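As stored in target.cif (mmCIF, C-alpha atoms):
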data_my_file
loop_
_atom_site.label_atom_id
_atom_site.label_comp_id
_atom_site.auth_asym_id
_atom_site.auth_seq_id
_atom_site.Cartn_x
_atom_site.Cartn_y
_atom_site.Cartn_z
CA MET B 1 15.86 -15.14 46.75
CA GLU B 2 14.89 -11.63 47.79
CA LYS B 3 17.43 -10.32 45.29
CA ASN B 4 15.97 -12.19 42.33
CA ARG B 5 12.50 -11.08 43.19
CA ASN B 6 13.58 -7.46 43.20
CA LEU B 7 15.51 -7.85 39.98
CA SER B 8 12.50 -9.24 38.19
CA ALA B 9 10.31 -6.52 39.71
CA TRP B 10 12.51 -3.95 37.94
CA THR B 11 12.46 -5.77 34.61
CA GLU B 12 8.73 -6.53 34.68
CA ALA B 13 7.89 -2.89 35.48
CA GLY B 14 10.38 -1.70 32.86
CA TYR B 15 8.86 -4.05 30.28
CA GLU B 16 5.38 -2.71 30.93
CA LEU B 17 6.56 0.92 30.78
CA PHE B 18 8.48 0.34 27.54
CA ALA B 19 5.41 -1.35 26.01
CA HIS B 20 3.37 1.76 26.80
CA GLU B 21 5.80 4.55 25.99
CA GLY B 22 8.90 3.15 24.32
CA LEU B 23 12.43 4.09 25.15
CA ASP B 24 11.44 7.60 26.24
CA GLY B 25 9.41 6.16 29.12
CA LEU B 26 12.36 4.40 30.72
CA GLN B 27 13.59 6.59 33.55
CA VAL B 28 15.25 5.10 36.60
CA GLU B 29 13.72 7.74 38.85
CA ARG B 30 10.24 6.92 37.67
CA LEU B 31 10.64 3.15 37.90
CA ALA B 32 11.95 3.53 41.43
CA ARG B 33 8.89 5.58 42.33
CA ILE B 34 6.49 3.04 40.80
CA LEU B 35 8.15 0.14 42.60
CA GLN B 36 8.86 2.06 45.81
CA LEU B 37 12.43 0.81 45.63
CA ASN B 38 15.74 2.57 45.98
CA LYS B 39 17.50 3.60 42.75
CA SER B 40 20.75 2.11 44.06
CA GLY B 41 19.24 -1.36 43.50
CA PHE B 42 18.76 -0.57 39.83
CA TYR B 43 22.42 0.37 39.38
CA HIS B 44 23.49 -2.63 41.40
CA TYR B 45 21.60 -5.10 39.19
CA PHE B 46 21.97 -3.50 35.77
CA GLY B 47 24.91 -1.11 35.88
CA ASP B 48 23.19 1.45 33.66
CA LEU B 49 20.20 1.99 31.40
CA GLU B 50 21.86 0.12 28.56
CA GLY B 51 22.39 -2.92 30.75
CA PHE B 52 18.75 -2.68 31.76
CA CYS B 53 17.62 -2.53 28.12
CA ALA B 54 19.63 -5.66 27.36
CA GLN B 55 17.69 -7.41 30.15
CA LEU B 56 14.39 -6.15 28.76
CA LEU B 57 15.25 -7.54 25.33
CA ASN B 58 16.06 -10.89 26.95
CA LEU B 59 12.71 -10.84 28.66
CA HIS B 60 11.03 -9.97 25.36
CA LYS B 61 12.68 -12.94 23.67
CA LYS B 62 11.24 -15.22 26.36
CA LYS B 63 7.79 -13.70 26.07
CA VAL B 64 7.84 -14.00 22.27
CA ASN B 65 8.72 -17.68 22.67
CA VAL B 66 5.75 -18.15 24.99
CA PHE B 67 3.56 -16.31 22.44
CA VAL B 68 4.76 -18.56 19.60
CA GLU B 69 4.42 -21.77 21.64
CA GLY B 70 0.86 -20.79 22.51
CA LEU B 71 0.06 -20.63 18.80
CA THR B 72 0.23 -24.41 18.49
CA GLU B 73 -3.10 -24.63 20.32
CA ILE B 74 -4.82 -22.12 18.06
CA THR B 75 -6.79 -23.34 15.09
CA THR B 76 -8.25 -20.19 13.51
CA LEU B 77 -6.98 -16.77 12.56
CA ASP B 78 -10.28 -15.11 13.44
CA PRO B 79 -11.11 -15.30 16.29
CA GLY B 80 -8.30 -17.60 17.60
CA TYR B 81 -5.19 -15.63 16.67
CA LEU B 82 -6.87 -12.27 17.23
CA PHE B 83 -7.65 -13.18 20.84
CA HIS B 84 -4.13 -14.51 21.22
CA LEU B 85 -2.83 -11.04 20.31
CA ILE B 86 -5.19 -9.42 22.83
CA ASN B 87 -4.15 -11.86 25.55
CA HIS B 88 -0.50 -10.97 24.97
CA ALA B 89 -1.07 -7.21 24.74
CA ALA B 90 2.11 -6.22 26.60
CA THR B 91 4.30 -8.46 24.42
CA VAL B 92 2.61 -7.18 21.26
CA MET B 93 2.98 -3.52 22.26
CA PHE B 94 6.61 -4.04 23.35
CA GLN B 95 7.27 -5.39 19.86
CA VAL B 96 5.48 -2.39 18.32
CA GLN B 97 7.71 -0.02 20.30
CA LEU B 98 10.81 -1.85 19.05
CA VAL B 99 9.66 -1.50 15.44
CA ARG B 100 9.08 2.21 15.96
CA ASN B 101 12.79 2.71 16.61
CA PRO B 102 14.29 1.99 13.20
CA ASN B 103 17.31 4.16 14.01
CA ASN B 104 18.32 2.10 17.01
CA ASN B 105 20.02 -1.03 15.64
CA PHE B 106 20.04 -2.71 19.01
CA LEU B 107 16.25 -2.49 19.37
CA TYR B 108 15.45 -2.97 15.71
CA ALA B 109 17.45 -6.19 15.38
CA ALA B 110 15.50 -7.62 18.33
CA SER B 111 12.21 -6.73 16.60
CA GLU B 112 13.32 -8.49 13.41
CA MET B 113 14.16 -11.68 15.28
CA ALA B 114 10.73 -11.72 16.89
CA ASP B 115 9.02 -10.98 13.55
CA GLU B 116 10.78 -13.91 11.89
CA LYS B 117 9.66 -16.35 14.57
CA VAL B 118 6.06 -15.20 14.34
CA ASN B 119 6.10 -15.21 10.51
CA ALA B 120 7.05 -18.87 10.48
CA ALA B 121 4.49 -19.79 13.12
CA ILE B 122 1.52 -17.90 11.66
CA ARG B 123 1.95 -18.87 8.02
CA ALA B 124 -0.35 -21.90 7.93
CA LEU B 125 -3.23 -20.20 9.82
CA TRP B 126 -2.89 -17.07 7.73
CA CYS B 127 -2.94 -18.84 4.37
CA GLU B 128 -5.86 -21.00 5.42
CA TYR B 129 -7.92 -17.91 6.33
CA PHE B 130 -7.31 -16.44 2.88
CA ASN B 131 -7.82 -19.74 1.04
CA LEU B 132 -4.28 -19.62 -0.29
CA PRO B 133 -2.03 -22.66 -0.62
CA VAL B 134 0.54 -22.60 2.23
CA ASP B 135 3.47 -22.82 -0.17
CA THR B 136 2.56 -19.66 -2.09
CA GLU B 137 4.72 -16.63 -1.60
CA LEU B 138 1.72 -14.32 -1.86
CA GLY B 139 0.35 -15.34 1.54
CA ILE B 140 3.44 -14.37 3.50
CA ARG B 141 4.09 -11.21 1.46
CA TYR B 142 0.55 -9.99 2.08
CA TYR B 143 0.95 -10.93 5.74
CA MET B 144 4.00 -8.67 6.03
CA ILE B 145 2.10 -5.72 4.58
CA VAL B 146 -0.85 -6.25 6.92
CA ARG B 147 1.42 -6.75 9.92
CA ASP B 148 3.03 -3.38 9.27
CA VAL B 149 -0.38 -1.72 8.91
CA PHE B 150 -1.21 -3.24 12.29
CA TYR B 151 2.04 -1.88 13.77
CA THR B 152 1.12 1.63 12.62
CA ARG B 153 -2.49 1.59 13.82
CA VAL B 154 -2.38 -0.37 17.07
CA SER B 155 -2.25 1.05 20.59
CA PHE B 156 -3.10 -0.32 24.04
CA GLN B 157 -6.44 1.44 23.73
CA ASN B 158 -7.55 -0.08 20.46
CA LEU B 159 -6.00 -3.53 20.81
CA ASN B 160 -9.42 -5.17 21.08
CA TYR B 161 -11.47 -7.65 19.06
CA THR B 162 -13.48 -5.05 17.13
CA PHE B 163 -10.36 -3.29 15.86
CA LEU B 164 -8.63 -6.52 14.86
CA HIS B 165 -11.71 -8.11 13.32
CA ASN B 166 -12.45 -5.01 11.22
CA LEU B 167 -8.87 -4.86 10.01
CA ILE B 168 -8.71 -8.51 9.02
CA THR B 169 -12.14 -8.41 7.38
CA ASP B 170 -11.14 -5.40 5.26
CA VAL B 171 -7.89 -7.10 4.31
CA LYS B 172 -9.71 -10.27 3.28
CA ALA B 173 -12.26 -8.32 1.22
CA ILE B 174 -9.45 -6.52 -0.63
CA LEU B 175 -7.85 -9.83 -1.54
CA ASP B 176 -11.15 -11.39 -2.62
CA GLU B 177 -12.14 -8.40 -4.73
CA SER B 178 -8.69 -8.19 -6.34
CA ALA B 179 -9.17 -11.73 -7.55
CA ILE B 180 -12.15 -10.78 -9.69
CA VAL B 181 -10.94 -7.45 -11.00
CA ASN B 182 -10.46 -7.02 -14.74
CA HIS B 183 -6.99 -5.67 -14.80
CA SER B 184 -5.29 -4.34 -17.88
CA ASP B 185 -2.42 -6.84 -18.15
CA LEU B 186 -4.62 -9.91 -18.27
CA THR B 187 -7.12 -9.12 -21.00
CA ASP B 188 -6.13 -12.30 -22.85
CA LEU B 189 -7.94 -14.36 -20.23
CA GLU B 190 -11.34 -13.82 -21.73
CA ILE B 191 -13.50 -16.90 -22.04
CA PRO B 192 -13.26 -18.39 -25.55
CA SER B 193 -16.66 -18.69 -27.19
CA MET M 4 6.31 41.80 16.66
CA GLU M 5 8.89 40.41 19.05
CA LYS M 6 6.09 38.53 20.76
CA GLY M 7 4.90 36.88 17.55
CA LYS M 8 8.42 35.81 16.70
CA ASN M 9 8.93 34.18 20.07
CA SER M 10 5.64 32.37 19.99
CA SER M 11 6.45 30.91 16.58
CA ALA M 12 9.93 29.95 17.82
CA TRP M 13 8.21 27.75 20.43
CA THR M 14 5.82 26.16 17.93
CA GLU M 15 8.48 25.55 15.25
CA ALA M 16 10.79 23.89 17.78
CA GLY M 17 7.86 21.90 19.19
CA TYR M 18 6.87 20.82 15.69
CA THR M 19 10.37 19.47 15.00
CA ILE M 20 10.48 17.51 18.25
CA PHE M 21 6.94 16.23 17.76
CA ALA M 22 7.92 14.96 14.29
CA GLU M 23 10.72 12.88 15.75
CA GLU M 24 9.35 11.76 19.10
CA GLY M 25 5.63 12.44 19.30
CA MET M 26 3.94 13.72 22.43
CA ALA M 27 6.55 12.15 24.73
CA GLY M 28 9.07 14.69 23.41
CA ILE M 29 6.98 17.74 24.23
CA GLN M 30 8.45 18.96 27.54
CA VAL M 31 8.42 22.64 28.41
CA GLU M 32 11.74 22.42 30.26
CA ARG M 33 13.46 20.89 27.27
CA LEU M 34 11.99 23.33 24.74
CA ALA M 35 13.05 26.26 26.92
CA ARG M 36 16.59 24.90 27.10
CA MET M 37 16.75 24.40 23.32
CA LEU M 38 15.52 27.90 22.62
CA ASN M 39 17.36 29.62 25.43
CA LEU M 40 14.07 31.13 26.50
CA ASN M 41 12.32 31.40 29.83
CA LYS M 42 9.55 28.86 30.55
CA SER M 43 7.25 31.67 31.63
CA GLY M 44 6.98 32.72 27.97
CA PHE M 45 5.58 29.30 27.11
CA TYR M 46 2.84 29.58 29.74
CA HIS M 47 2.15 33.14 28.70
CA TYR M 48 1.56 32.25 25.04
CA PHE M 49 -0.06 28.82 25.34
CA GLY M 50 -1.41 28.46 28.87
CA ASP M 51 -0.44 24.81 29.12
CA VAL M 52 0.71 21.81 27.06
CA ASP M 53 -2.82 21.29 25.70
CA GLY M 54 -2.93 24.85 24.44
CA PHE M 55 0.45 24.32 22.88
CA CYS M 56 -0.78 21.16 21.11
CA ASP M 57 -3.67 23.13 19.62
CA GLU M 58 -1.10 25.52 18.16
CA LEU M 59 0.97 22.63 16.81
CA ILE M 60 -2.12 21.28 15.08
CA SER M 61 -2.84 24.69 13.51
CA LEU M 62 0.74 24.83 12.30
CA HIS M 63 0.42 21.32 10.88
CA LYS M 64 -2.74 22.27 8.99
CA GLU M 65 -0.88 25.21 7.43
CA LYS M 66 2.04 23.03 6.42
CA ALA M 67 -0.27 20.28 5.16
CA LYS M 68 -1.78 22.79 2.72
CA LEU M 69 1.63 23.27 1.12
CA PHE M 70 2.16 19.50 1.06
CA LEU M 71 -1.22 18.96 -0.63
CA ALA M 72 -0.51 21.73 -3.13
CA ASP M 73 2.59 19.77 -4.17
CA VAL M 74 0.62 16.50 -4.25
CA ALA M 75 -1.83 18.18 -6.62
CA THR M 76 0.96 18.65 -9.18
CA VAL M 77 2.24 15.07 -9.31
CA LYS M 78 1.88 13.06 -12.49
CA SER M 79 2.81 9.67 -11.04
CA ILE M 80 2.96 7.77 -7.76
CA ASP M 81 6.54 6.70 -8.33
CA PRO M 82 8.62 8.83 -8.45
CA ASP M 83 6.58 12.07 -8.26
CA TYR M 84 4.42 11.45 -5.19
CA LEU M 85 7.22 9.68 -3.33
CA MET M 86 9.54 12.64 -3.96
CA VAL M 87 6.90 15.00 -2.55
CA CYS M 88 6.85 12.87 0.62
CA VAL M 89 10.63 13.10 0.90
CA LYS M 90 10.51 16.85 0.35
CA HIS M 91 7.93 17.24 3.12
CA LYS M 92 9.65 14.79 5.44
CA LYS M 93 8.87 16.67 8.62
CA GLU M 94 5.17 17.07 7.81
CA VAL M 95 4.90 13.38 6.95
CA MET M 96 6.50 12.45 10.27
CA VAL M 97 4.13 14.71 12.19
CA HIS M 98 1.27 13.07 10.33
CA LEU M 99 2.57 9.67 11.43
CA GLN M 100 2.72 10.82 15.05
CA LEU M 101 -0.91 11.93 14.78
CA LEU M 102 -1.85 8.43 13.58
CA ARG M 103 -0.03 6.90 16.53
CA HIS M 104 -2.06 8.96 18.99
CA GLN M 105 -5.45 7.62 17.90
CA GLY M 106 -6.82 8.19 21.39
CA ASN M 107 -6.65 11.97 20.85
CA PRO M 108 -9.76 13.03 18.86
CA LEU M 109 -8.20 16.29 17.63
CA PHE M 110 -5.16 14.42 16.33
CA SER M 111 -7.10 11.67 14.58
CA ALA M 112 -9.64 14.08 13.05
CA THR M 113 -6.84 16.28 11.71
CA ALA M 114 -5.02 13.30 10.21
CA GLU M 115 -8.18 11.94 8.65
CA LYS M 116 -9.11 15.19 6.96
CA ILE M 117 -5.69 15.53 5.37
CA ASP M 118 -5.75 11.88 4.30
CA GLN M 119 -9.10 12.35 2.59
CA GLU M 120 -7.84 15.27 0.56
CA GLU M 121 -4.74 13.34 -0.36
CA ASN M 122 -6.81 10.29 -1.42
CA PHE M 123 -8.85 12.50 -3.70
CA LEU M 124 -5.74 13.95 -5.36
CA LEU M 125 -4.04 10.58 -5.80
CA CYS M 126 -6.94 8.34 -6.83
CA ASP M 127 -6.33 8.41 -10.60
CA HIS M 128 -2.57 8.06 -10.29
CA TRP M 129 -2.90 5.15 -7.89
CA THR M 130 -5.41 3.16 -9.97
CA HIS M 131 -3.15 3.71 -12.95
CA TYR M 132 -0.08 2.64 -10.98
CA LEU M 133 -1.76 -0.62 -9.94
CA GLY M 134 -3.47 -1.21 -13.27
CA ILE M 135 -6.93 -1.47 -11.66
CA HIS M 136 -9.08 0.79 -13.78
CA ASP M 137 -12.51 -0.68 -13.25
CA ASN M 138 -12.51 -0.65 -9.44
CA PRO M 139 -11.06 2.60 -8.03
CA SER M 140 -12.74 2.08 -4.66
CA LEU M 141 -10.87 -1.21 -4.24
CA ALA M 142 -7.65 0.51 -5.29
CA MET M 143 -8.13 3.23 -2.70
CA ARG M 144 -8.86 0.75 0.09
CA TYR M 145 -5.58 -0.88 -0.78
CA PHE M 146 -3.91 2.54 -0.83
CA LYS M 147 -4.89 3.07 2.81
CA LEU M 148 -3.23 -0.21 3.74
CA VAL M 149 -0.11 0.61 1.77
CA ARG M 150 0.18 4.08 3.27
CA ASP M 151 -0.05 2.70 6.79
CA MET M 152 2.41 -0.04 5.93
CA LEU M 153 4.92 2.63 4.86
CA TYR M 154 4.34 4.50 8.12
CA ALA M 155 5.30 1.48 10.24
CA ARG M 156 9.02 1.72 9.57
CA ILE M 157 9.79 5.29 8.66
CA SER M 158 11.80 7.75 10.70
CA VAL M 159 13.30 11.11 9.84
CA LYS M 160 16.42 9.21 8.77
CA HIS M 161 14.64 6.49 6.80
CA LEU M 162 12.27 8.69 4.86
CA GLU M 163 14.28 8.65 1.64
CA TYR M 164 13.39 7.74 -1.91
CA PRO M 165 15.11 4.32 -2.12
CA PHE M 166 13.19 3.05 0.92
CA LEU M 167 9.85 4.38 -0.33
CA HIS M 168 10.47 3.08 -3.84
CA LYS M 169 11.31 -0.42 -2.62
CA SER M 170 8.23 -0.59 -0.38
CA MET M 171 5.95 0.71 -3.13
CA MET M 172 7.27 -1.85 -5.63
CA GLU M 173 6.54 -4.59 -3.10
CA ALA M 174 2.98 -3.30 -2.56
CA LYS M 175 2.38 -3.24 -6.31
CA ALA M 176 3.84 -6.72 -6.81
CA VAL M 177 1.61 -8.15 -4.07
CA MET M 178 -1.49 -6.59 -5.64
CA GLN M 179 -0.53 -8.03 -9.02
CA GLN M 180 -0.12 -11.47 -7.46
CA MET M 181 -3.54 -11.15 -5.85
CA MET M 182 -5.12 -10.37 -9.20
CA GLU M 183 -3.27 -13.19 -10.94
CA ALA M 184 -4.16 -15.67 -8.18
CA GLY M 185 -7.80 -14.86 -8.87
CA HIS M 186 -7.41 -15.47 -12.58
CA VAL M 187 -5.70 -18.79 -11.97
CA LYS M 188 -8.67 -19.82 -9.82
CA ALA M 189 -11.09 -18.58 -12.47
CA ASP M 190 -9.23 -20.70 -15.03
CA HIS M 191 -9.59 -23.76 -12.83
CA ARG M 192 -13.30 -23.14 -12.45
CA LEU M 193 -13.62 -22.67 -16.18
CA LEU M 194 -11.75 -25.91 -16.91
CA LYS M 195 -13.95 -27.81 -14.45
CA SER M 196 -17.11 -26.44 -15.97
CA LEU M 197 -16.11 -27.44 -19.50
#
Written as structure tokens, how would this file's structure read?
Amino acid sequence: MEKNRNLSAWTEAGYELFAHEGLDGLQVERLARILQLNKSGFYHYFGDLEGFCAQLLNLHKKKVNVFVEGLTEITTLDPGYLFHLINHAATVMFQVQLVRNPNNNFLYAASEMADEKVNAAIRALWCEYFNLPVDTELGIRYYMIVRDVFYTRVSFQNLNYTFLHNLITDVKAILDESAIVNHSDLTDLEIPS
Amino acid sequence: MEKGKNSSAWTEAGYTIFAEEGMAGIQVERLARMLNLNKSGFYHYFGDVDGFCDELISLHKEKAKLFLADVATVKSIDPDYLMVCVKHKKEVMVHLQLLRHQGNPLFSATAEKIDQEENFLLCDHWTHYLGIHDNPSLAMRYFKLVRDMLYARISVKHLEYPFLHKSMMEAKAVMQQMMEAGHVKADHRLLKSL
């Protein structure tokens, strides 16, 4: 019992640290200091840093599942989904850190799995917000662009409603204005007199 | 003379690490080891890590001028502008790190100023690339999204033409679909009104 509690103390603290600073933040010494535990426990449970990372990715998978399950109760993108992101800040930022390591296949593959789950779960809410039919490809393709913009701009500090609402409002306005633009390839659509 | 050379050895090495790892990578101990120099030199030249960051920002501004000078010569987004980004890989990565440290006012102000100059230089090429001639302000708002989308998944290794080209094509295709979706709706409205 005591053992399990300690093991999850290490992984929870590691998860939080990784969400804030990424892989560079994970130092056994530092975790031990934060938790006031002996380093030997770390090596006993996880073997080495790689073993520890594998546990963190497992934990992430579970937290992403909780995030996705929670979506079933949400009925709007703004404010519903935006607050959902804020309420799961650590999970969101852990995911962001994974994406920021495109050279590490181990981490990057985990980020792709999480992205796929969320893509499928968010599709209906997303398309509804933009007044797009759910079966159109455009909705999900635009979502993937906006998601990556979010990944670049977000931090623990700015993961708040104002930031998210401004982003989504701008994104919606771009789509709405694009729909009425007179672009050069479609000049044949003029109204017949 | 010797002094100037050593101080720029610190900033050049710091710039390279910053490009790859951001602020987390800036450790005096590590820089000293890389350069085979004594830490005391670092404190002598820069005072502390904050002082060192100020120098890195000055260096970035210098390098950004060269980047922008190249941007000013491009005749197209793809391939010209994308090739300029590949050529200035390190500067682009430093720029990305600045964006990721939004909490630091010096970093975000520096990034924003460079972005504004770049927007100005690219505006015509970008509206042409998208085929939106009558609404450049819309085109440039979309450009800001696309630029930040590209930044999400680049690294020193990934910042190559094929990756940039593929992402740019996707951004253009999505914009074209958005414009077409609008025209389909307009057609429906027109049919209903007839």
For this session: Please provide the set of residues having any atom within 8 Å of B:Thr76, restricted to only C-alpha atoms, with same-chain residues fewer than 5 positions apart removed, written as a list in words.
Result: Tyr81, Leu125 and Tyr129 of chain B
Give me the chain B side of the contact with chain M, cut-off 7 Å, one line per residue showing its nearest atom pair and distance in Å at one decimal, counting all atoms listed in the file, sorted by chain and residue number, as a Markdown table.
| residue | atom | partner | partner_atom | distance |
| --- | --- | --- | --- | --- |
| B:Asp24 | CA | M:Ala27 | CA | 6.8 |
| B:Val99 | CA | M:Arg156 | CA | 6.7 |
| B:Arg100 | CA | M:Arg156 | CA | 6.4 |
| B:Pro102 | CA | M:Arg156 | CA | 6.4 |
| B:Leu138 | CA | M:Gln180 | CA | 6.5 |
| B:Arg141 | CA | M:Val177 | CA | 6.8 |
| B:Tyr142 | CA | M:Val177 | CA | 6.5 |
| B:Ile145 | CA | M:Met152 | CA | 5.8 |
| B:Asp148 | CA | M:Met152 | CA | 4.8 |
| B:Val149 | CA | M:Met152 | CA | 4.4 |
| B:Tyr151 | CA | M:Ala155 | CA | 5.9 |
| B:Thr152 | CA | M:Ala155 | CA | 4.8 |
| B:Arg153 | CA | M:Arg103 | CA | 6.4 |
| B:Ile174 | CA | M:Leu141 | CA | 6.6 |
| B:Leu175 | CA | M:Met181 | CA | 6.2 |
| B:Ser178 | CA | M:Met182 | CA | 5.1 |
| B:Ala179 | CA | M:Gly185 | CA | 3.7 |
| B:Ile180 | CA | M:Gly185 | CA | 6.0 |
| B:Val181 | CA | M:Met182 | CA | 6.8 |
| B:Asn182 | CA | M:Asp137 | CA | 6.8 |
| B:His183 | CA | M:Ile135 | CA | 5.2 |
| B:Ser184 | CA | M:Gly134 | CA | 5.9 |
For this session: Go through the shown structure with the PyMOL selection byres ((chain B and resi 53) around 10) and write out the matching residues as a count of residues only.
Result: 20
For this session: Extract, using only C-alpha atoms, all DNA, RNA and protein residues at most 9 Å from B:Ala89, discarding same-chain residues fewer than 6 positions from it, and format them as a list in words.
Result: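 Those residues are Ala19, Phe156 and Leu159 of chain B.
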For this session: Any chance you could resolve the PyMOL selection byres ((chain M and resi 122) around 12) against this file and give the residues as a ChimeraX atom specification?
Result: /M:71,74-75,80,84,115-121,123-130,139-140,142-147,150
Problem set entry | Residues within 10 Å of B:Val92, all atoms listed in the file, excluding chain neighbours under 2 positions, as a PyMOL selection string | chain B and resi 19+60+63-64+67+84-90+94-97+151+154-156+159
Kindly export the residues of the current selection with C-alpha atoms, as a short mmCIF file (atom, residue, chain, number, x, y, z; two decimals), in the coordinates of the input.
data_model
loop_
_atom_site.label_atom_id
_atom_site.label_comp_id
_atom_site.auth_asym_id
_atom_site.auth_seq_id
_atom_site.Cartn_x
_atom_site.Cartn_y
_atom_site.Cartn_z
CA ALA B 19 5.41 -1.35 26.01
CA HIS B 60 11.03 -9.97 25.36
CA LYS B 63 7.79 -13.70 26.07
CA VAL B 64 7.84 -14.00 22.27
CA PHE B 67 3.56 -16.31 22.44
CA HIS B 84 -4.13 -14.51 21.22
CA LEU B 85 -2.83 -11.04 20.31
CA ILE B 86 -5.19 -9.42 22.83
CA ASN B 87 -4.15 -11.86 25.55
CA HIS B 88 -0.50 -10.97 24.97
CA ALA B 89 -1.07 -7.21 24.74
CA ALA B 90 2.11 -6.22 26.60
CA PHE B 94 6.61 -4.04 23.35
CA GLN B 95 7.27 -5.39 19.86
CA VAL B 96 5.48 -2.39 18.32
CA GLN B 97 7.71 -0.02 20.30
CA TYR B 151 2.04 -1.88 13.77
CA VAL B 154 -2.38 -0.37 17.07
CA SER B 155 -2.25 1.05 20.59
CA PHE B 156 -3.10 -0.32 24.04
CA LEU B 159 -6.00 -3.53 20.81
#
Problem set entry | Which residue of B:Thr162, B:Thr91, B:Thr75, B:Asn131 approaches B:Lys62 most closely, using only C-alpha atoms |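 Between B:Thr162, B:Thr91, B:Thr75, B:Asn131, the residue approaching B:Lys62 most closely is B:Thr91.
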For this session: One decimal, Å: what's the distance from atom CA of B:Trp10 over to atom CA of M:Phe21, could you say?
Result: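 Straight-line distance from atom CA of B:Trp10 to atom CA of M:Phe21 works out to 29.1 Å.
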Exercise. Which residues match the PyMOL selection byres ((chain M and resi 83) around 12) in the file above, as a list in words?
Worked result: Asp73, Val74, Ala75, Thr76, Val77, Lys78, Ser79, Ile80, Asp81, Pro82, Tyr84, Leu85, Met86, Val87, Cys88, Val89, Lys90, Leu125, His128, Trp129, Tyr132, Tyr164, Leu167 and His168 of chain M
Problem set entry | B:Lys117 environment, 9 Å, all atoms listed in the file, sequence neighbours closer than 4 positions dropped, as a list of chain:residue names |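 Within the cut-off, the hits are B:Val64, B:Asn65, B:Val68, B:Glu112, B:Met113, B:Ala121, B:Ile122.
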For this session: Work out how far atom CA of B:Gly139 is from atom CA of B:Trp126, in Å to one decimal.
Result: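 About the pair atom CA of B:Trp126 and atom CA of B:Gly139: they are 7.2 Å apart.
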For this session: Between atom CA of M:Pro108 and atom CA of M:Ala35, measure the distance and give it in Å to one decimal.
Result: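 If I compute the distance from atom CA of M:Pro108 to atom CA of M:Ala35, I get 27.6 Å.
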Problem set entry | Closest of B:Arg147, B:Leu7, B:Leu17, B:Val66 to B:Lys39 - atom-to-atom distances counting all atoms listed in the file |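 Answer, going by the shortest atom-to-atom distance: B:Leu7.
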Problem set entry | Selected residue of minimal separation from B:Asn119 among B:Glu16, B:Tyr43, B:Leu71, B:Ser8, counting only C-alpha atoms |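 Smallest distance to B:Asn119 is found for B:Leu71.
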Problem set entry | Selected residue, from M:His47, M:Lys68, M:Lys92, M:His98, that lies nearest to M:Ser10 when counting only C-alpha atoms | M:His47
For stretch 128-136 of chain M, take all atoms listed in the file, fit an axis-aligned box around them, add 4 Å to each of the six sides, then output centre and edge lengths in Å rounded to one decimal, as JSON.
{"center_x": -4.6, "center_y": 3.3, "center_z": -10.8, "size_x": 17.0, "size_y": 17.5, "size_z": 13.9}
